[in-house]
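Below is data.txt, holding compact mmCIF, C-alpha atoms.
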# COMPACT_ATOMS: atom_id res chain seq x y z
CA MET A 1 -8.03 1.05 3.42
CA PRO A 2 -6.59 3.04 0.50
CA LEU A 3 -2.85 3.68 0.27
CA ARG A 4 -1.96 7.30 1.01
CA VAL A 5 -0.01 8.79 -1.90
CA PHE A 6 1.37 12.29 -2.37
CA VAL A 7 1.40 13.05 -6.09
CA ASP A 8 3.96 15.39 -7.66
CA SER A 9 2.59 17.82 -10.23
CA ASP A 10 4.51 16.15 -13.08
CA VAL A 11 2.43 13.00 -12.56
CA ILE A 12 -0.84 14.94 -12.71
CA ILE A 13 0.19 16.79 -15.87
CA SER A 14 1.23 13.50 -17.47
CA SER A 15 -2.16 12.01 -16.62
CA LEU A 16 -3.84 14.90 -18.46
CA ILE A 17 -1.66 14.49 -21.54
CA SER A 18 -1.91 10.70 -21.99
CA LYS A 19 -4.75 8.34 -21.19
CA THR A 20 -2.56 5.26 -21.65
CA GLY A 21 0.35 5.84 -19.25
CA ALA A 22 1.03 4.80 -15.68
CA ALA A 23 0.23 8.30 -14.37
CA TYR A 24 -3.28 8.18 -15.83
CA LEU A 25 -3.89 4.72 -14.37
CA LEU A 26 -2.69 5.81 -10.93
CA MET A 27 -4.83 8.93 -10.96
CA HIS A 28 -7.87 6.71 -11.54
CA ASP A 29 -6.98 3.83 -9.19
CA THR A 30 -9.54 3.49 -6.41
CA ARG A 31 -7.01 1.80 -4.10
CA LEU A 32 -5.22 5.11 -3.65
CA SER A 33 -5.98 8.19 -1.62
CA ARG A 34 -4.10 10.95 -3.47
CA PHE A 35 -2.86 14.25 -2.01
CA VAL A 36 -1.36 17.42 -3.50
CA SER A 37 -0.28 20.68 -1.93
CA ASP A 38 -1.56 24.17 -2.54
CA VAL A 39 1.91 24.98 -3.89
CA SER A 40 1.54 22.13 -6.40
CA VAL A 41 -1.89 23.36 -7.48
CA ALA A 42 -0.48 26.82 -8.25
CA GLU A 43 2.31 25.17 -10.25
CA LEU A 44 -0.19 22.94 -12.04
CA MET A 45 -2.30 25.92 -13.12
CA ARG A 46 0.76 27.68 -14.50
CA VAL A 47 1.99 24.60 -16.39
CA ALA A 48 -1.50 23.85 -17.73
CA SER A 49 -1.64 27.36 -19.19
CA GLU A 50 1.82 27.01 -20.72
CA LEU A 51 0.89 23.66 -22.30
CA LYS A 52 -2.53 24.96 -23.36
CA LEU A 53 -4.31 22.32 -21.28
CA SER A 54 -7.76 23.04 -19.91
CA ARG A 55 -7.48 24.58 -16.44
CA ALA A 56 -11.16 23.74 -15.89
CA GLU A 57 -10.47 20.07 -16.62
CA LEU A 58 -7.46 20.19 -14.31
CA ARG A 59 -9.56 21.66 -11.47
CA SER A 60 -12.25 19.05 -12.07
CA ARG A 61 -9.73 16.21 -12.03
CA LEU A 62 -8.14 17.48 -8.84
CA LYS A 63 -11.55 17.56 -7.14
CA LEU A 64 -12.45 14.07 -8.33
CA GLN A 65 -9.10 12.35 -8.02
CA CYS A 66 -7.43 13.88 -4.97
CA ALA A 67 -8.58 13.23 -1.45
CA GLU A 68 -7.31 16.60 -0.32
CA VAL A 69 -5.37 19.68 -1.33
CA LEU A 70 -3.11 20.42 1.61
CA LEU A 71 -2.97 24.09 2.55
CA GLY A 72 -0.06 25.97 4.08
CA VAL A 73 2.55 23.39 3.19
CA ASN A 74 5.92 24.49 4.54
CA ARG A 75 8.92 24.39 2.23
CA GLY A 76 11.38 23.66 5.08
CA MET A 77 12.40 20.18 3.98
CA ASN A 78 15.49 21.12 1.94
CA LYS A 79 17.63 18.39 3.48
CA TYR A 80 15.50 15.85 1.61
CA THR A 81 15.83 17.40 -1.85
CA ARG A 82 18.45 18.26 -4.41
CA ASP A 83 16.28 21.14 -5.62
CA ALA A 84 14.99 23.57 -2.97
CA ASN A 85 11.89 24.23 -5.11
CA ASP A 86 10.81 20.62 -4.42
CA SER A 87 10.95 20.81 -0.63
CA HIS A 88 7.18 21.49 -0.47
CA ILE A 89 6.59 18.07 -2.05
CA VAL A 90 8.36 16.27 0.80
CA ALA A 91 6.60 18.52 3.33
CA GLY A 92 3.25 17.72 1.73
CA ALA A 93 3.94 13.99 1.73
CA LYS A 94 4.81 14.17 5.42
CA MET A 95 1.76 16.31 6.20
CA ALA A 96 -0.48 13.83 4.32
CA LYS A 97 1.05 10.91 6.24
CA ALA A 98 1.68 9.42 2.82
CA GLN A 99 3.16 5.98 2.37
CA PHE A 100 4.37 6.91 -1.12
CA LEU A 101 5.58 10.02 -2.90
CA VAL A 102 5.04 9.53 -6.63
CA THR A 103 7.13 11.57 -9.06
CA TYR A 104 8.90 11.28 -12.38
CA ASN A 105 11.74 13.34 -10.86
CA THR A 106 13.08 10.88 -8.31
CA LYS A 107 16.59 12.24 -8.90
CA HIS A 108 15.46 15.53 -7.27
CA PHE A 109 14.96 13.78 -3.93
CA GLN A 110 17.15 12.16 -1.27
CA VAL A 111 15.19 8.93 -1.69
CA GLU A 112 16.97 6.84 0.95
CA LYS A 113 16.93 9.64 3.54
CA ILE A 114 13.19 10.19 2.98
CA GLN A 115 12.58 6.46 3.40
CA ASP A 116 14.80 6.10 6.48
CA GLU A 117 13.77 9.27 8.32
CA LEU A 118 10.17 9.82 7.20
CA GLY A 119 9.06 6.30 6.22
CA ILE A 120 7.90 7.50 2.80
CA THR A 121 8.81 5.56 -0.33
CA VAL A 122 9.68 7.75 -3.33
CA LEU A 123 9.11 6.15 -6.71
CA PRO A 124 7.92 6.81 -10.26
CA PRO A 125 4.33 6.01 -11.29
CA ALA A 126 5.19 2.78 -13.11
CA PHE A 127 6.88 1.35 -10.00
CA LEU A 128 3.85 2.11 -7.84
CA LEU A 129 1.60 0.58 -10.49
CA GLN A 130 3.79 -2.55 -10.49
CA TYR A 131 3.54 -2.70 -6.69
CA LEU A 132 -0.25 -2.38 -6.84
CA ARG A 133 -0.44 -5.20 -9.38
CA SER A 134 1.62 -7.41 -7.05
CA LEU A 135 -1.02 -6.98 -4.32
CA ASN A 136 -3.62 -8.90 -6.35

Have the structure of the file written as structure tokens, please.
Amino acid sequence: MPLRVFVDSDVIISSLISKTGAAYLLMHDTRLSRFVSDVSVAELMRVASELKLSRAELRSRLKLQCAEVLLGVNRGMNKYTRDANDSHIVAGAKMAKAQFLVTYNTKHFQVEKIQDELGITVLPPAFLLQYLRSLN
């Protein structure tokens, strides 16, 4: 059974920019079931335009690499973040019943509180990749 992973938009953007990094490898790993929120997709489209990345490629990747785009994600998880704009990420991870929340911005989250209260491990892509390698 694939691991359920909520992916922050910074990881997806990174996977589009570099084909050699941990984010790219995670976005292509078949042992993972990846989730994003509708709020993240809107953010991704905006950032892709700013960085002059192909929005069509981004849409295609999201369809191929994410199990589901969660709709109507509530932002009411402020107690788990240091940045209120990131509360939808925690809400999405909870809604997805994710085991992991993968982000490059771990400092934006109350990592221990999320682990203790929601049972979701917050970590950067390289740490999840290291964990996956330890399973073999």

Task: Which of A:Glu43, A:Glu68, A:Asp83, A:Glu57 sits closest to Met95 (chain A) [using only C-alpha atoms] - done: A:Glu68

- [ ] Considering only C-alpha atoms, state which residue in the set A:Val7, A:Ala56, A:Leu70, A:Met1 is at the smallest distance from Leu101 (chain A).
- [x]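 Ranking A:Val7, A:Ala56, A:Leu70, A:Met1 by distance to Leu101 (chain A), first place goes to A:Val7.
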
Open item on the list: What's around Phe100 (chain A) at 10 Å? Count all atoms listed in the file, leave out sequence neighbours fewer than 6 positions away in its own chain, and write the answer as an MDAnalysis selection string.
Closed with: chainID A and resid 3:7 34 93:94 115 119:124 128

Task: Spatial neighbours of region 60-63 of chain A, max dist 9 Å, only C-alpha atoms, sep filter under 3 positions, as a list of chain:residue names - done: A:Ile12, A:Leu16, A:Met27, A:Val36, A:Val41, A:Arg55, A:Ala56, A:Glu57, A:Cys66, A:Ala67, A:Glu68, A:Val69

- [ ] For Leu58 (chain A), please output as a PyMOL selection string all residues within 8 Å (counting only C-alpha atoms; exclusion window: fewer than 5 positions along the same chain).
- [x] chain A and resi 16+45+48+53

Would you save the residues of that selection, restricted to C-alpha atoms, as a compact mmCIF listing (two decimals), keeping the file's coordinate frame?
# COMPACT_ATOMS: atom_id res chain seq x y z
CA LEU A 16 -3.84 14.90 -18.46
CA MET A 45 -2.30 25.92 -13.12
CA ALA A 48 -1.50 23.85 -17.73
CA LEU A 53 -4.31 22.32 -21.28

Task: Neighbour list for His88 (chain A) as a PyMOL selection string, cut-off 8 Å, all atoms listed in the file, skip fewer than 2 positions in-chain - done: chain A and resi 37+39+73-77+85-86+90-92

Atoms kept (C-alpha atoms) for selection, written as a compact mmCIF listing (two decimals), keeping the file's coordinate frame:
# COMPACT_ATOMS: atom_id res chain seq x y z
CA SER A 37 -0.28 20.68 -1.93
CA VAL A 39 1.91 24.98 -3.89
CA VAL A 73 2.55 23.39 3.19
CA ASN A 74 5.92 24.49 4.54
CA ARG A 75 8.92 24.39 2.23
CA GLY A 76 11.38 23.66 5.08
CA MET A 77 12.40 20.18 3.98
CA ASN A 85 11.89 24.23 -5.11
CA ASP A 86 10.81 20.62 -4.42
CA VAL A 90 8.36 16.27 0.80
CA ALA A 91 6.60 18.52 3.33
CA GLY A 92 3.25 17.72 1.73

Task: Gap from CA of Tyr80 (chain A) to CA of Ser9 (chain A) - Å, one decimal - done: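 Going from CA of Tyr80 (chain A) over to CA of Ser9 (chain A) covers 17.6 Å.
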